[in-house]
Each structure stands twice: as structure tokens, then as C-alpha cells.
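Data block below; observations after.
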Amino acid sequence: MLDRAFSARRTQPHSLFDVPTSSAVSDVSPDAESADLLADESKTKKPHLYVLASNYMSGLGLVKSPCLCLSLCLLLIVFILFSLMLNSRSFVCLSSYDPISRASFFGLDGLDSDFGSLGVPWCRSKQGKTVEWTSKDLVKGLEEFVPIYETRPIKNNMHGMGFDHSFGLWFIVQWLRPDIMIESGAFKGHSTWVMRQAMPDTPIISLTPRHPEKYLKKGPAYVDENCTYFAGKDFVDFGSVDWERVLKKHGISDFSKVLVFFDDHQNELKRLKQALKAGFNHLIFEDNYDTGTGDHYSLRQICDQFYIRGGGHSCFKDSDEARIRSKRKKFWEKAVDIDELCGPHEAWWGVRGELRDNFNHNNTPISYGEHFQNSRFVESILDVYWELPPAAGPSLIHQTRYDPARAPTPIVEDGRYRMFKRLGLDRLERSVFNGYTQMVYLQISKPET
């Protein structure tokens with residue numbers, strides 16, 4: 001283990017597994033990040049169009065008549081702007097779902113305020129530590145991942161991961177560089193393929209009820225040669241595996257250098273406790289559903305609490321939240337209004353006061369007191385909590401499913417079409433951006449005594 005602290009300045013990924021869990025993390029300032037993201041948009045400050053037009057008029061000797069000069073200047077400016085609109089490819093046609101229309105509809109100020117306007121409750125870690133990568137690293141990662149994603153064997157991964165979460169998994173795996181990877185839930189093998197692109201030679205252990213090779217009879221699937229499958233008749237649930245024995249066969253004794261990826265639609269609190277008991281530290285949950293949605297109890301739901309910034313809800317039908325949610329329901333397919341959010345006796349936590357599990361097959365009523373204690377337990381073992389932001393803004397990808405009001409600011413914000421195109425995101429089908437559900441990376445350790 002290297003005795004060093006996290007550094008937010010590093011741009012070349014190397015293993016985080018060598019970092020002590022007590023190390024502090026610092027990120028670069030928002031202003032510096034904004035400057036980096038805007039670098040490709042404008043290199044130098046351009047003079048105002050009126051000044052340019054005035055100089056041009058001066059050359060024609062028309063400045064002797066101020067009124068005539070002003071009129072000609074305005075006409076010239078209108079002509080230039082009209083020409084740009086006709087000829088520039090940088091202009092983006094915005095649908096009725098674009099953030100400007102939404103901001104005007106909801107009375108919000110501009111594009112940035114739309115994202116997170118209804119709160120983004122993040123779980124609180126023990127020491128306030130966060131990840132070492134920055135938004136600049138995510139932008140660089142997108143540029144590298146897009147051509148990789150275009151080679152995926154499963155082009156239409158319906159009911160599986162789309163582009164956003166595929167990128168998140170690839171980026172985190174490549175950055176952490178684990179000694180072995182475990183996935184619980186493989187479906188057709190797309191997530192296995194993504195991890196393999198990030199780490200070509202690293203062993204993978206896959207737990208999935210149905211072997212991916214079974215899907216080959218009906219269409220594309222991926223089976224990895226360097227993967228140990230517990231599937232089909234050999235399937236074993238994650239919580240029932242003797243991990244010390246299994247990992248010993250792979251020559252792994254240090255569990256802190258193992259990455260576990262969950263995409264099995266099970267109660268995430270249950271999985272969190274099982275991983276902690278086994279001794280794992282680094283976890284990714286693919287479907288981190290928001291409150292009132294999804295088929296299992298998620299980390300996002302657990303940490304949606306009144307004492308956490310952006311957390312807690314009001315079930316009053318005349319409240320500001322009810323009014324805003326009702327309006328947003330008209331714009332976003334996955335938006336939840338108050339009637340959907342709140343169950344009997346104004347129970348809003350989990351999904352209408354229920355703890356869902358096992359693909360929504362096992363639902364248990366849960367009291368707010370139990371929900372609150374679950375949050376306190378998570379905080380007692382949590383060292384790092386980080387939700388993957390969306391890859392790009394809704395107007396760029398024509399996305400109308402998830403509600404931005406409950407999501408962090410995207411990596412490529414609305415209006416950044418040059419960056420969107422430079423990264424190659426414009427080459428992808430718009431349907432691959434429809435699966436965003438707040439994928440989350442966790443680093444955990446036993447509670448402090």
C-alpha cells in the first residue's frame with residue numbers, strides 16, 4: 001500500500017486500491033473546471049459586432065451621419081446573424097423538451113438551475129471524502145470511450161445498460177485498475193464486455209442466473225474467455241458465495257483490490273451488508289433508482305432524508321413540490337408526481353413507503369424510523385459516495401425520460417454542441433442515452449468504534 005493522499009491534479013489513471021481509506025480528497029475549483037470545459041468553445045475574446053460594424057462604416061466614410069451609421073450598423077448585424085443561422089452547423093434545433101422551454105415553464109433561471117432543482121440527495125461519507133477524478137477527466141474519458149462503445153457486440157441492449165452507465169463502468173474500472181472484478185447480474189454479457197475493454201487481462205467472476213451463452217440462440221451476446229461463470233445450474237447468489245475460497249483460487253488475498261459491480265436488482269442495503277461482511281471495499285451499483293421509482297431499495301432512496309441537502313419530501317397536494325412535480329410530469333416520462341410519490345399515510349420513502357427487492361417481487365412496508373436508521377447505518381460505513389452524472393444534456397441527446405430536476409449536472413451541458421460533436425457523441429443513436437438511473441460508486445469500510 002502506498003502511503004500517499006488522493007490527488008485531484010492527476011490526469012493519468014492509476015490504481016486507487018493503493019490509497020489509504022483515511023486519505024483526504026480535493027477537487028479542482030468549479031471556476032477552473034468551467035474554464036477547462038469552455039476551452040474548445042472560445043480561445044480569445046471577440047470584439048462586439050457593433051464595433052466591427054462601426055469600423056466598417058468608418059472605412060466607407062459614413063460616420064459623419066450618426067443616425068444613418070446606426071441604422072446601417074443594425075442592418076449589417078441582422079444580416080450577419082441571419083447568415084450564421086442559415087450556414088452554421090453549430091446551431092442546434094431544440095425540441096419542445098429543451099431546457100430553455102422547461103426553465104421558462106417552471107420559472108427557473110437558465111439551464112444550470114434545471115438540473116438538481118428538486119434536489120439531488122447524496123449519501124454522506126464518514127470523513128467527507130470524495131473521488132479523485134475531475135470533470136476534466138470525465139471529458140477526456142468520453143472522448144476515448146465513444147469509439148470503443150461503437151464496437152460493442154450487442155448493439156441493441158434493450159433492458160440492459162445504455163451509453164451513460166457503460167461509460168461510467170468503463171471509466172471507474174480503468175481508473176481503479178482492480179486485481180479482479182466481480183459482477184452480480186450479467187444478462188447478455190454487455191457489462192462483462194465493458195469491463196474487459198477497460199482491463200483486457202484482468203480476471204472476471206460473473207454471477208448470473210442464466211448464462212449469457214443462452215442468449216446467443218436468439219441474437220447477439222458476449223461470453224468472455226477469461227471469466228469464471230457461476231451461472232445456470234452452477235449459479236450461486238452473491239451473499240452465499242465463500243469469497244475467501246473463490247478468490248484464493250485466483251491468487252487474491254487482498255480484498256481491498258477487488259471491484260464488485262451489482263446489476264442484479266436486489267435490495268442494495270442487503271448487498272451493501274453482504275459486501276461489507278465479505279471484506280470488499282469498492283462497489284458499483286448500476287441501478288441507483290430515485291425515490292418513488294424502480295424495483296428495489298436503492299442507495300439514493302436510503303439517503304433521501306430531510307437532514308440531507310436535497311432530501312425529504314412533502315405530500316401536501318398544494319405544496320410547491322407538488323405543483324412543480326405535476327408540471328414536470330408533462331415533460332419527462334420518468335418524472336414522479338405527488339400521487340405516485342406518496343403512499344398511504346403520506347409515506348414517500350422507498351417506493352410509497354415500501355422496501356422493494358428482487359425485481360419488485362418482494363415488497364415490505366417500512367416505517368420512516370427504519371428508513372432513517374438505514375441511512376445512519378450507511379453513513380457509518382461509507383468512505384466515498386459518487387453518482388455518475390449524465391453524459392450530455394437533454395437537448396443534445398433528445399432525451400425525455402429521466403427528470404433532470406433530480407439529477408446532477410451532465411458532463412457535457414446543454415448548448416455545448418461543439419464539445420458534444422468533438423467527443424463523437426453525435427455519432428451515437430439517441431436511444432442509447434435513455435437508460436440513466438444515477439449509477440453510483442461506493443467505497444466502504446467497517447464502522448469506526
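If you're wondering about the labels, chains in the C-alpha cells are A, B, ... by order shown, residues count from 1 in each chain, ligands from 1 in order shown.
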Which residues of region 198-295 of chain A come within 12 Å of region 309-332 of chain A, and what is each one's closest atom pair and distance in Å (one decimal), counting only C-alpha atoms, sorted by chain and residue number, as a tab-separated table?
residue	atom	partner	partner_atom	distance
A:Asp290	CA	A:Gly311	CA	10.9
A:Thr291	CA	A:Gly312	CA	9.6
A:Gly292	CA	A:His313	CA	10.8
I'd like the neighbourhood of region 346-351 of chain A as a PyMOL selection string, where a residue qualifies if any of its atoms comes within 10 Å (using only C-alpha atoms), though same-chain residues fewer than 5 positions away should be ignored. chain A and resi 289-305+312-316+338-341+356+363+365-368+371-372
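Excluding Val440 (chain A) itself and same-chain residues fewer than 4 positions from it, the residues having an atom within 8 Å of it are A:Ile284, A:Phe285, A:Glu286, A:Asn288, A:Tyr385, A:Trp386, A:Glu387, A:Leu388, counting only C-alpha atoms.
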Excluding same-chain residues fewer than 4 positions from Ala186 (chain A), what lies within 9 Å of it counting only C-alpha atoms, as a JSON list (two decimals) with all heavy atoms, in the first residue's frame?
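The resulting file, out_23.json, is reproduced below:
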[["chain", "number", "residue", "atom", "x", "y", "z"],
["A", 190, "HIS", "N", -23.17, -7.68, -21.74],
["A", 190, "HIS", "CA", -22.66, -6.36, -22.14],
["A", 190, "HIS", "C", -21.75, -5.77, -21.08],
["A", 190, "HIS", "O", -20.68, -5.23, -21.41],
["A", 190, "HIS", "CB", -23.83, -5.41, -22.41],
["A", 190, "HIS", "CG", -23.40, -4.00, -22.70],
["A", 190, "HIS", "ND1", -22.87, -3.62, -23.92],
["A", 190, "HIS", "CD2", -23.39, -2.88, -21.92],
["A", 190, "HIS", "CE1", -22.57, -2.33, -23.89],
["A", 190, "HIS", "NE2", -22.88, -1.87, -22.68],
["A", 191, "SER", "N", -22.13, -5.86, -19.80],
["A", 191, "SER", "CA", -21.29, -5.30, -18.74],
["A", 191, "SER", "C", -19.95, -6.02, -18.66],
["A", 191, "SER", "O", -18.91, -5.42, -18.38],
["A", 191, "SER", "CB", -22.01, -5.35, -17.39],
["A", 191, "SER", "OG", -22.41, -6.67, -17.07],
["A", 192, "THR", "N", -19.96, -7.35, -18.92],
["A", 192, "THR", "CA", -18.71, -8.11, -18.95],
["A", 192, "THR", "C", -17.81, -7.58, -20.05],
["A", 192, "THR", "O", -16.60, -7.41, -19.85],
["A", 192, "THR", "CB", -19.00, -9.61, -19.19],
["A", 192, "THR", "OG1", -20.08, -10.04, -18.37],
["A", 192, "THR", "CG2", -17.77, -10.45, -18.90],
["A", 206, "SER", "N", -18.37, -13.83, -12.74],
["A", 206, "SER", "CA", -19.72, -13.40, -13.09],
["A", 206, "SER", "C", -20.76, -14.31, -12.45],
["A", 206, "SER", "O", -20.73, -15.53, -12.66],
["A", 206, "SER", "CB", -19.90, -13.37, -14.61],
["A", 206, "SER", "OG", -21.19, -12.90, -14.96],
["A", 207, "LEU", "N", -21.66, -13.72, -11.67],
["A", 207, "LEU", "CA", -22.76, -14.44, -11.06],
["A", 207, "LEU", "C", -24.04, -14.02, -11.76],
["A", 207, "LEU", "O", -24.43, -12.85, -11.69],
["A", 207, "LEU", "CB", -22.87, -14.12, -9.57],
["A", 207, "LEU", "CG", -21.59, -14.11, -8.72],
["A", 207, "LEU", "CD1", -21.88, -13.62, -7.32],
["A", 207, "LEU", "CD2", -20.99, -15.51, -8.67],
["A", 208, "THR", "N", -24.70, -14.94, -12.43],
["A", 208, "THR", "CA", -25.92, -14.59, -13.15],
["A", 208, "THR", "C", -26.79, -15.84, -13.31],
["A", 208, "THR", "O", -26.27, -16.92, -13.64],
["A", 208, "THR", "CB", -25.58, -13.96, -14.52],
["A", 208, "THR", "OG1", -26.74, -13.39, -15.10],
["A", 208, "THR", "CG2", -24.91, -14.94, -15.45],
["A", 209, "PRO", "N", -28.09, -15.75, -13.04],
["A", 209, "PRO", "CA", -28.94, -16.94, -13.08],
["A", 209, "PRO", "C", -28.93, -17.66, -14.42],
["A", 209, "PRO", "O", -28.94, -18.89, -14.47],
["A", 209, "PRO", "CB", -30.34, -16.37, -12.78],
["A", 209, "PRO", "CG", -30.08, -15.12, -12.00],
["A", 209, "PRO", "CD", -28.82, -14.55, -12.59],
["A", 210, "ARG", "N", -28.88, -16.91, -15.51],
["A", 210, "ARG", "CA", -28.88, -17.52, -16.85],
["A", 210, "ARG", "C", -27.56, -17.19, -17.54],
["A", 210, "ARG", "O", -27.16, -16.04, -17.62],
["A", 210, "ARG", "CB", -30.05, -16.99, -17.67],
["A", 210, "ARG", "CG", -30.22, -17.70, -19.00],
["A", 210, "ARG", "CD", -31.43, -17.17, -19.76],
["A", 210, "ARG", "NE", -31.68, -17.94, -20.97],
["A", 210, "ARG", "CZ", -32.63, -17.64, -21.85],
["A", 210, "ARG", "NH1", -33.40, -16.58, -21.66],
["A", 210, "ARG", "NH2", -32.80, -18.39, -22.93],
["A", 211, "HIS", "N", -26.90, -18.20, -18.05],
["A", 211, "HIS", "CA", -25.61, -17.99, -18.71],
["A", 211, "HIS", "C", -25.80, -17.14, -19.98],
["A", 211, "HIS", "O", -26.74, -17.39, -20.76],
["A", 211, "HIS", "CB", -24.98, -19.34, -19.08],
["A", 211, "HIS", "CG", -23.50, -19.27, -19.29],
["A", 211, "HIS", "ND1", -22.93, -18.60, -20.36],
["A", 211, "HIS", "CD2", -22.46, -19.79, -18.57],
["A", 211, "HIS", "CE1", -21.63, -18.71, -20.30],
["A", 211, "HIS", "NE2", -21.30, -19.42, -19.22],
["A", 212, "PRO", "N", -24.93, -16.15, -20.21],
["A", 212, "PRO", "CA", -25.05, -15.31, -21.41],
["A", 212, "PRO", "C", -25.06, -16.10, -22.72],
["A", 212, "PRO", "O", -25.66, -15.65, -23.71],
["A", 212, "PRO", "CB", -23.83, -14.40, -21.32],
["A", 212, "PRO", "CG", -23.53, -14.31, -19.86],
["A", 212, "PRO", "CD", -23.87, -15.66, -19.32],
["A", 263, "ASP", "N", -25.60, -5.39, -10.74],
["A", 263, "ASP", "CA", -26.69, -5.06, -11.66],
["A", 263, "ASP", "C", -27.70, -6.19, -11.60],
["A", 263, "ASP", "O", -28.09, -6.78, -12.60],
["A", 263, "ASP", "CB", -26.15, -4.88, -13.09],
["A", 263, "ASP", "CG", -27.23, -4.37, -14.04],
["A", 263, "ASP", "OD1", -28.31, -3.97, -13.57],
["A", 263, "ASP", "OD2", -27.00, -4.39, -15.27],
["A", 264, "ASP", "N", -28.12, -6.48, -10.34],
["A", 264, "ASP", "CA", -28.98, -7.66, -10.11],
["A", 264, "ASP", "C", -30.35, -7.31, -9.56],
["A", 264, "ASP", "O", -31.13, -8.19, -9.22],
["A", 264, "ASP", "CB", -28.28, -8.66, -9.19],
["A", 264, "ASP", "CG", -27.82, -8.03, -7.88],
["A", 264, "ASP", "OD1", -28.23, -6.89, -7.58],
["A", 264, "ASP", "OD2", -27.04, -8.68, -7.14]]
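When only C-alpha atoms are used to measure the gap to Val241 (chain A), the shortest distance among A:Lys214, A:Ile182, A:Leu283, A:Lys421 belongs to A:Ile182.
For the atom pair formed by CA of Gly279 (chain A) and CA of Asp242 (chain A), the distance is 11.6 Å, given to one decimal.
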One decimal place gives the CA of Phe433 (chain A)-CA of Phe167 (chain A) separation as 11.0 Å
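For Ile444 (chain A), the set of protein, DNA and RNA residues having any atom at most 9 Å away, when counting only C-alpha atoms and skipping those fewer than 5 positions along the same chain, is Thr21, Leu272, Leu276, Phe280, Asn281, His282, Leu283, Val378, Ile381, Leu382, Asp383, Val384 and Tyr385 of chain A.
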According to DSSP computed on the backbone, where in region 204-446 of chain A is there helix (DSSP H, G or I)? Give the residues as JSON, numbers by chain. {"A": [212, 213, 214, 215, 216, 217, 232, 233, 234, 238, 239, 240, 243, 244, 245, 246, 247, 248, 249, 255, 256, 257, 268, 269, 270, 271, 272, 273, 274, 275, 276, 277, 278, 299, 300, 301, 302, 320, 321, 322, 323, 324, 325, 326, 327, 328, 338, 339, 340, 341, 344, 345, 346, 349, 350, 351, 352, 368, 369, 370, 371, 372, 373, 374, 375, 376, 377, 378, 379, 380, 381, 394, 395, 396, 397, 404, 405, 406, 417, 418, 419, 420, 421, 422, 425, 426, 427, 430, 431, 432, 433]}
With DSSP run on the backbone, what are the strand (DSSP E or B) residues within region 181-389 of chain A? I'd like them as JSON, numbers by chain. {"A": [181, 182, 183, 184, 204, 205, 206, 207, 208, 227, 228, 229, 230, 231, 258, 259, 260, 261, 262, 282, 283, 284, 285, 354, 355, 356, 357, 362, 363, 364, 365, 382, 383, 384, 385, 386, 387]}
Output C-alpha atoms for every residue in the selection just made, as a PDB file, in the first residue's frame.
ATOM      1  CA  MET A 181     -13.641  -7.869 -10.944  1.00  0.00           C
ATOM      2  CA  ILE A 182     -16.885  -9.429  -9.720  1.00  0.00           C
ATOM      3  CA  GLU A 183     -20.258  -8.809 -11.337  1.00  0.00           C
ATOM      4  CA  SER A 184     -23.606  -9.852  -9.937  1.00  0.00           C
ATOM      5  CA  ILE A 204     -13.684 -11.553 -14.015  1.00  0.00           C
ATOM      6  CA  ILE A 205     -16.112 -13.545 -11.885  1.00  0.00           C
ATOM      7  CA  SER A 206     -19.716 -13.396 -13.086  1.00  0.00           C
ATOM      8  CA  LEU A 207     -22.761 -14.445 -11.062  1.00  0.00           C
ATOM      9  CA  THR A 208     -25.923 -14.589 -13.153  1.00  0.00           C
ATOM     10  CA  CYS A 227     -14.331 -15.108 -16.941  1.00  0.00           C
ATOM     11  CA  THR A 228     -15.391 -17.605 -14.277  1.00  0.00           C
ATOM     12  CA  TYR A 229     -19.168 -18.019 -14.545  1.00  0.00           C
ATOM     13  CA  PHE A 230     -21.447 -19.049 -11.715  1.00  0.00           C
ATOM     14  CA  ALA A 231     -24.473 -19.327 -13.983  1.00  0.00           C
ATOM     15  CA  VAL A 258     -11.367  -6.178  -5.717  1.00  0.00           C
ATOM     16  CA  LEU A 259     -14.129  -4.268  -7.509  1.00  0.00           C
ATOM     17  CA  VAL A 260     -17.722  -5.532  -7.223  1.00  0.00           C
ATOM     18  CA  PHE A 261     -20.359  -4.462  -9.752  1.00  0.00           C
ATOM     19  CA  PHE A 262     -24.048  -5.012  -8.937  1.00  0.00           C
ATOM     20  CA  HIS A 282     -15.092  -0.910  -3.746  1.00  0.00           C
ATOM     21  CA  LEU A 283     -18.645  -1.269  -5.096  1.00  0.00           C
ATOM     22  CA  ILE A 284     -20.677  -0.021  -8.063  1.00  0.00           C
ATOM     23  CA  PHE A 285     -24.475  -0.168  -8.182  1.00  0.00           C
ATOM     24  CA  GLU A 354     -42.231   0.097   0.720  1.00  0.00           C
ATOM     25  CA  LEU A 355     -38.812  -1.552   0.625  1.00  0.00           C
ATOM     26  CA  ARG A 356     -38.712  -3.285  -2.741  1.00  0.00           C
ATOM     27  CA  ASP A 357     -36.470  -6.254  -3.510  1.00  0.00           C
ATOM     28  CA  ASN A 362     -40.707  -8.941  -2.651  1.00  0.00           C
ATOM     29  CA  ASN A 363     -42.160  -5.726  -1.199  1.00  0.00           C
ATOM     30  CA  THR A 364     -42.117  -4.966   2.525  1.00  0.00           C
ATOM     31  CA  PRO A 365     -43.718  -1.946   4.220  1.00  0.00           C
ATOM     32  CA  LEU A 382     -19.360   4.995   3.839  1.00  0.00           C
ATOM     33  CA  ASP A 383     -15.983   6.449   2.860  1.00  0.00           C
ATOM     34  CA  VAL A 384     -16.879   7.666  -0.655  1.00  0.00           C
ATOM     35  CA  TYR A 385     -20.200   8.171  -2.452  1.00  0.00           C
ATOM     36  CA  TRP A 386     -20.240   9.397  -6.069  1.00  0.00           C
ATOM     37  CA  GLU A 387     -23.115   9.386  -8.554  1.00  0.00           C
TER      38      GLU A 387
END
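Using only C-alpha atoms, the nearest neighbour of Gly424 (chain A) within the list A:Glu150, A:Asp337, A:Glu448, A:Asp237 is A:Glu150.
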Could you list, as a PDB file with C-alpha atoms, in the first residue's frame, every residue within 7 Å of Leu396 (chain A), counting only C-alpha atoms and ignoring same-chain residues fewer than 2 positions away?
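Written out: out37.pdb:
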ATOM      1  CA  ALA A 392     -24.831  15.046 -22.042  1.00  0.00           C
ATOM      2  CA  GLY A 393     -27.704  17.490 -21.658  1.00  0.00           C
ATOM      3  CA  PRO A 394     -31.212  16.553 -22.848  1.00  0.00           C
ATOM      4  CA  HIS A 398     -33.037  14.496 -27.341  1.00  0.00           C
ATOM      5  CA  ASP A 414     -26.819  21.804 -22.975  1.00  0.00           C
ATOM      6  CA  TYR A 417     -22.687  21.284 -29.209  1.00  0.00           C
TER       7      TYR A 417
END
